[in-house]
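> First the structure, then my questions, so here it is.
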Amino acid sequence: MKKIFLISILIVALFFEAKSQQDDPFEYGQEFLFGITKATNGGLFSGGFFRYSYKKSDRIFQTFGLEVANVRHPQERRAPTPAFFSSSSFYEGKEKYLISTRLMYGYDFLLFKKAEQKGVQINGVVTGGPTLGFVSPYFLRAEGGNLVTYSQYLNGSSIIGPAGYFSGIDQMEIVMGAHIRASLLFEFGTFKSKVTGFEVGFLGEIFSREIQLVPLGTKNYNFYPAAFVSILFGSRK
């Protein structure tokens with residue numbers, strides 16, 4: 001009778017232990033992340049992304065996503081407009097916009113799992129996939145209401161300010177490419193259902209041809225490497 005009693009207690013203890021592991025508040029099967037990114041080849045905020053991940057094993061998640069980012073040539077520089085009555089600025093040396101749209105596929109590896117409601121979780125993220133580069137002219141507004149390029153400005157046009165991205169959208173072309181990115185994700189959220197943190201990493205992107213972001217005579221590229229940092233938030237379930 002005593003043995004049966006002890007065995008019963010052991011079974012109950014094992015049951016509650018298994019249930020407590022199953023109900024771990026930081027166990028999750030799906031993750032949705034949004035973020036904004038600052039990259040070394042972009043502006044103050046280079047772009048943004050969305051990623052969806054689902055659990056493959058205890059520490060591996062499969063990831064799909066989309067990122068849209070503005071890519072700049074290293075020799076672009078912000079400068080004040082020469083017109084004395086204008087307080088605007090433009091990018092000196094810029095001939096075209098490059099908006100990179102990246103379709104992401106890869107894996108999210110759980111490296112360090114945080115304790116319940118405290119600590120930091122660290123994930124390693126590796127993704128890659130095709131890129132669509134949307135290339136359009138960078139027009140400037142000149143005195144008299146004309147639209148000119150930076151090359152025309154060098155020939156004597158008086159610049160008031162940039163004309164805006166959509167001014168050249170009717171001349172847009174698409175260049176195919178591919179990218180790969182690797183990063184570390186640091187997550188500080190204290191609840192299972194919410195994600196807050198940041199991500200740091202490196203990105204390499206190559207296109208099928210050189211893209212003329214600056215005037216002819218200056219080196220243009222088809223490969224754009226960058227370091228980046230992202231602020232992210234999202235949810236899990």
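Ligands are numbered from 1 in the order shown, residues from 1 within each chain, and chains are lettered A, B, ... in the order they appear in the structure tokens.
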What's the 9 Å shell around Ala163 (chain A), counting only C-alpha atoms, without same-chain residues fewer than 5 positions away, as a PyMOL selection string?

chain A and resi 138-141+147+168

> Could you pull out the alpha helix (DSSP H) residues of region 2-211 of chain A from DSSP and send them as an MDAnalysis selection string?

chainID A and resid 2:22 150:154

> Find the residues around Gln62 (chain A) up to 9 Å (only C-alpha atoms counted), leave out those fewer than 4 positions away in its own chain, and share them as number ranges by chain.

A: 52-56, 105-109

> Near Pro162 (chain A), within 10 Å and counting only C-alpha atoms, which residues show up once chain neighbours fewer than 2 positions away are dropped, as a ChimeraX atom specification?

/A:81,88-91,138-142,147-149,159-160,164-165,167

> Please, could you write that set of residues out with N, CA and C atoms as a short mmCIF file (atom, residue, chain, number, x, y, z; two decimals), in the first residue's frame?


data_model
loop_
_atom_site.label_atom_id
_atom_site.label_comp_id
_atom_site.auth_asym_id
_atom_site.auth_seq_id
_atom_site.Cartn_x
_atom_site.Cartn_y
_atom_site.Cartn_z
N THR A 81 20.46 73.99 -51.15
CA THR A 81 20.21 74.47 -52.52
C THR A 81 20.91 75.81 -52.72
N SER A 88 15.72 74.72 -48.65
CA SER A 88 15.67 73.28 -48.91
C SER A 88 17.09 72.73 -49.12
N SER A 89 17.18 71.43 -49.23
CA SER A 89 18.46 70.77 -49.52
C SER A 89 18.22 69.65 -50.52
N PHE A 90 19.28 69.17 -51.13
CA PHE A 90 19.18 68.08 -52.09
C PHE A 90 20.42 67.21 -51.98
N TYR A 91 20.39 66.06 -52.69
CA TYR A 91 21.54 65.17 -52.65
C TYR A 91 22.48 65.49 -53.81
N TYR A 138 16.25 60.89 -60.31
CA TYR A 138 16.21 61.84 -59.19
C TYR A 138 16.13 63.23 -59.80
N PHE A 139 14.93 63.79 -59.83
CA PHE A 139 14.73 65.09 -60.43
C PHE A 139 14.85 66.20 -59.39
N LEU A 140 15.36 67.34 -59.85
CA LEU A 140 15.45 68.55 -59.04
C LEU A 140 14.57 69.63 -59.65
N ARG A 141 14.03 70.48 -58.81
CA ARG A 141 13.23 71.61 -59.28
C ARG A 141 14.15 72.81 -59.51
N ALA A 142 14.08 73.35 -60.71
CA ALA A 142 14.88 74.51 -61.05
C ALA A 142 14.00 75.75 -61.11
N LEU A 147 12.02 70.64 -64.40
CA LEU A 147 12.65 69.51 -63.72
C LEU A 147 13.96 69.20 -64.41
N VAL A 148 15.04 69.11 -63.63
CA VAL A 148 16.36 68.83 -64.20
C VAL A 148 17.02 67.72 -63.38
N THR A 149 18.01 67.08 -63.99
CA THR A 149 18.81 66.09 -63.27
C THR A 149 20.04 66.77 -62.68
N ILE A 159 19.03 75.57 -58.83
CA ILE A 159 18.20 74.58 -58.14
C ILE A 159 17.45 75.21 -56.98
N ILE A 160 16.15 74.88 -56.89
CA ILE A 160 15.32 75.30 -55.76
C ILE A 160 15.23 74.20 -54.71
N GLY A 164 10.98 65.29 -55.63
CA GLY A 164 10.25 64.20 -55.00
C GLY A 164 10.32 62.91 -55.79
N TYR A 165 10.17 61.80 -55.07
CA TYR A 165 10.33 60.48 -55.68
C TYR A 165 9.36 60.24 -56.83
N SER A 167 8.04 62.13 -58.98
CA SER A 167 8.18 62.94 -60.19
C SER A 167 8.79 62.15 -61.35
#

> Looking at A:Gln75, A:Thr40, A:Thr196, A:Gln171, which one is nearest to Ile231 (chain A), with distances taken over only C-alpha atoms?

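Once distances to Ile231 (chain A) are computed over only C-alpha atoms, the minimum belongs to A:Thr196.
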
> So how many Å separate CA of Gln212 (chain A) and CA of Tyr224 (chain A), to one decimal?

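About the pair CA of Gln212 (chain A) and CA of Tyr224 (chain A): they are 12.8 Å apart.
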
> Separation of CA of Arg181 (chain A) and CA of Val195 (chain A), in Å?

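Interatomic distance, CA of Arg181 (chain A) to CA of Val195 (chain A): 20.9 Å.
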
> Which residues of region 70-171 of chain A sit at most 10 Å from region 203-208 of chain A, using only C-alpha atoms? Give each one's shortest atom pair and distance in Å (one decimal place), in chain and ascending residue order, as a tab-separated table.


residue	atom	partner	partner_atom	distance
A:Ser100	CA	A:Glu205	CA	9.3
A:Arg102	CA	A:Glu205	CA	9.5
A:Thr127	CA	A:Leu203	CA	9.6
A:Gly128	CA	A:Leu203	CA	9.3
A:Gly129	CA	A:Glu205	CA	9.7
A:Pro130	CA	A:Glu205	CA	9.4
A:Thr131	CA	A:Phe207	CA	7.9
A:Leu132	CA	A:Phe207	CA	8.7
A:Gly133	CA	A:Phe207	CA	7.8

> Rounded to one decimal in Å, what is the spacing between CA of Ile99 (chain A) and CA of Val135 (chain A)?

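Separation between CA of Ile99 (chain A) and CA of Val135 (chain A): 6.6 Å.
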
> Find, counting only C-alpha atoms, the residue in A:Leu216, A:Val120, A:Leu98, A:Leu185 that gets nearest to Glu173 (chain A).

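Smallest distance to Glu173 (chain A) is found for A:Leu98.
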
> At a cut-off of 8 Å, using only C-alpha atoms, what residues contact Arg72 (chain A)? Leave out same-chain residues fewer than 3 positions from it and give the result as a list of chain:residue names.

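Returned residues: A:Asn41, A:Gly42, A:Gly43, A:Glu76, A:Tyr97, A:Leu98, A:Leu213.
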
> Could you write those residues out with C-alpha atoms, as a PDB file, in the first residue's frame?


ATOM      1  CA  ASN A  41      24.043  52.714 -47.418  1.00  0.00           C
ATOM      2  CA  GLY A  42      20.715  54.389 -46.593  1.00  0.00           C
ATOM      3  CA  GLY A  43      19.353  57.534 -44.971  1.00  0.00           C
ATOM      4  CA  GLU A  76      25.894  61.069 -52.456  1.00  0.00           C
ATOM      5  CA  TYR A  97      16.763  56.559 -56.793  1.00  0.00           C
ATOM      6  CA  LEU A  98      17.146  52.876 -55.961  1.00  0.00           C
ATOM      7  CA  LEU A 213      22.928  56.176 -59.128  1.00  0.00           C
TER       8      LEU A 213
END

> Choose the residue, out of A:Phe61, A:Phe166, A:Tyr221, A:Phe188, that has the smallest atom-to-atom separation from Phe233 (chain A); count only C-alpha atoms.

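Smallest separation from Phe233 (chain A) among the options: A:Phe188.
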
> So that I can check the surroundings of Asn123 (chain A), please list as number ranges by chain every protein, DNA and RNA residue that reaches within 10 Å of it, counting only C-alpha atoms and ignoring chain neighbours fewer than 4 positions away.

A: 59-60, 107-113, 183-187, 199

> When DSSP works through the backbone of this structure, what residues of region 6-196 of chain A end up as strand (DSSP E or B), shown as an MDAnalysis selection string?

chainID A and resid 30:39 47:55 60:71 77:80 89:92 96:112 121:137 140:142 147:148 159:162 173:187 194:196

> Produce a file of the selected residues containing C-alpha atoms, as a tab-separated table (two decimals), in the first residue's frame.


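File written: part-v5.tsv
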chain	number	residue	atom	x	y	z
A	30	GLN	CA	4.57	31.63	-34.40
A	31	GLU	CA	6.08	35.11	-34.48
A	32	PHE	CA	5.16	38.29	-36.38
A	33	LEU	CA	7.76	41.08	-36.48
A	34	PHE	CA	7.75	44.62	-37.86
A	35	GLY	CA	10.74	46.94	-37.85
A	36	ILE	CA	12.46	50.05	-39.17
A	37	THR	CA	16.08	49.93	-40.27
A	38	LYS	CA	19.07	52.24	-40.43
A	39	ALA	CA	21.74	50.96	-42.86
A	47	GLY	CA	13.39	51.32	-44.75
A	48	GLY	CA	11.19	48.82	-43.02
A	49	PHE	CA	10.40	45.11	-42.96
A	50	PHE	CA	7.89	42.46	-41.97
A	51	ARG	CA	8.80	38.89	-41.00
A	52	TYR	CA	6.74	35.83	-40.12
A	53	SER	CA	8.35	32.82	-38.42
A	54	TYR	CA	6.99	29.47	-37.35
A	55	LYS	CA	8.51	26.79	-35.18
A	60	ILE	CA	14.80	26.64	-35.00
A	61	PHE	CA	12.15	28.76	-36.71
A	62	GLN	CA	11.52	29.06	-40.44
A	63	THR	CA	11.21	32.68	-41.58
A	64	PHE	CA	9.51	34.50	-44.45
A	65	GLY	CA	9.47	38.25	-44.94
A	66	LEU	CA	9.51	41.39	-47.04
A	67	GLU	CA	11.83	44.38	-46.71
A	68	VAL	CA	11.70	47.69	-48.59
A	69	ALA	CA	14.74	49.99	-48.36
A	70	ASN	CA	16.24	53.05	-49.99
A	71	VAL	CA	19.81	52.37	-51.22
A	77	ARG	CA	26.00	64.06	-50.10
A	78	ARG	CA	23.21	66.27	-48.76
A	79	ALA	CA	23.82	69.92	-49.67
A	80	PRO	CA	21.85	73.18	-49.36
A	89	SER	CA	18.46	70.77	-49.52
A	90	PHE	CA	19.18	68.08	-52.09
A	91	TYR	CA	21.54	65.17	-52.65
A	92	GLU	CA	24.65	66.37	-54.42
A	96	LYS	CA	18.75	58.13	-59.62
A	97	TYR	CA	16.76	56.56	-56.79
A	98	LEU	CA	17.15	52.88	-55.96
A	99	ILE	CA	14.36	51.34	-53.90
A	100	SER	CA	15.23	47.76	-53.04
A	101	THR	CA	12.37	45.32	-52.40
A	102	ARG	CA	13.68	42.11	-50.80
A	103	LEU	CA	11.76	38.87	-50.49
A	104	MET	CA	13.23	37.05	-47.48
A	105	TYR	CA	13.41	33.36	-46.68
A	106	GLY	CA	15.58	31.75	-44.03
A	107	TYR	CA	15.95	30.58	-40.46
A	108	ASP	CA	15.79	32.07	-36.98
A	109	PHE	CA	17.95	30.22	-34.43
A	110	LEU	CA	17.27	30.57	-30.70
A	111	LEU	CA	20.76	31.00	-29.19
A	112	PHE	CA	20.00	32.12	-25.62
A	121	GLN	CA	16.67	36.47	-25.57
A	122	ILE	CA	19.24	36.31	-28.38
A	123	ASN	CA	18.43	34.86	-31.79
A	124	GLY	CA	20.64	34.39	-34.83
A	125	VAL	CA	18.82	35.19	-38.07
A	126	VAL	CA	19.98	34.20	-41.57
A	127	THR	CA	17.81	35.07	-44.58
A	128	GLY	CA	18.21	35.61	-48.29
A	129	GLY	CA	16.27	35.70	-51.51
A	130	PRO	CA	15.48	37.66	-54.67
A	131	THR	CA	15.54	41.44	-54.89
A	132	LEU	CA	13.57	43.76	-57.14
A	133	GLY	CA	15.39	47.07	-57.60
A	134	PHE	CA	13.07	49.93	-58.58
A	135	VAL	CA	15.21	52.58	-60.30
A	136	SER	CA	13.83	56.01	-61.20
A	137	PRO	CA	15.35	59.43	-61.99
A	140	LEU	CA	15.45	68.55	-59.04
A	141	ARG	CA	13.23	71.61	-59.28
A	142	ALA	CA	14.88	74.51	-61.05
A	147	LEU	CA	12.65	69.51	-63.72
A	148	VAL	CA	16.36	68.83	-64.20
A	159	ILE	CA	18.20	74.58	-58.14
A	160	ILE	CA	15.32	75.30	-55.76
A	161	GLY	CA	15.03	71.80	-54.24
A	162	PRO	CA	14.26	68.14	-54.92
A	173	GLU	CA	12.73	50.51	-64.48
A	174	ILE	CA	13.14	47.25	-62.59
A	175	VAL	CA	16.51	45.54	-62.10
A	176	MET	CA	16.65	41.98	-60.78
A	177	GLY	CA	18.99	41.01	-57.99
A	178	ALA	CA	19.54	38.87	-54.92
A	179	HIS	CA	20.55	39.44	-51.31
A	180	ILE	CA	21.66	37.67	-48.15
A	181	ARG	CA	21.58	39.02	-44.60
A	182	ALA	CA	22.83	37.73	-41.24
A	183	SER	CA	22.03	39.29	-37.88
A	184	LEU	CA	21.69	38.95	-34.13
A	185	LEU	CA	18.31	39.78	-32.61
A	186	PHE	CA	18.12	40.97	-28.99
A	187	GLU	CA	14.63	40.74	-27.50
A	194	LYS	CA	4.68	40.90	-27.22
A	195	VAL	CA	8.09	41.42	-28.82
A	196	THR	CA	10.32	44.48	-28.45
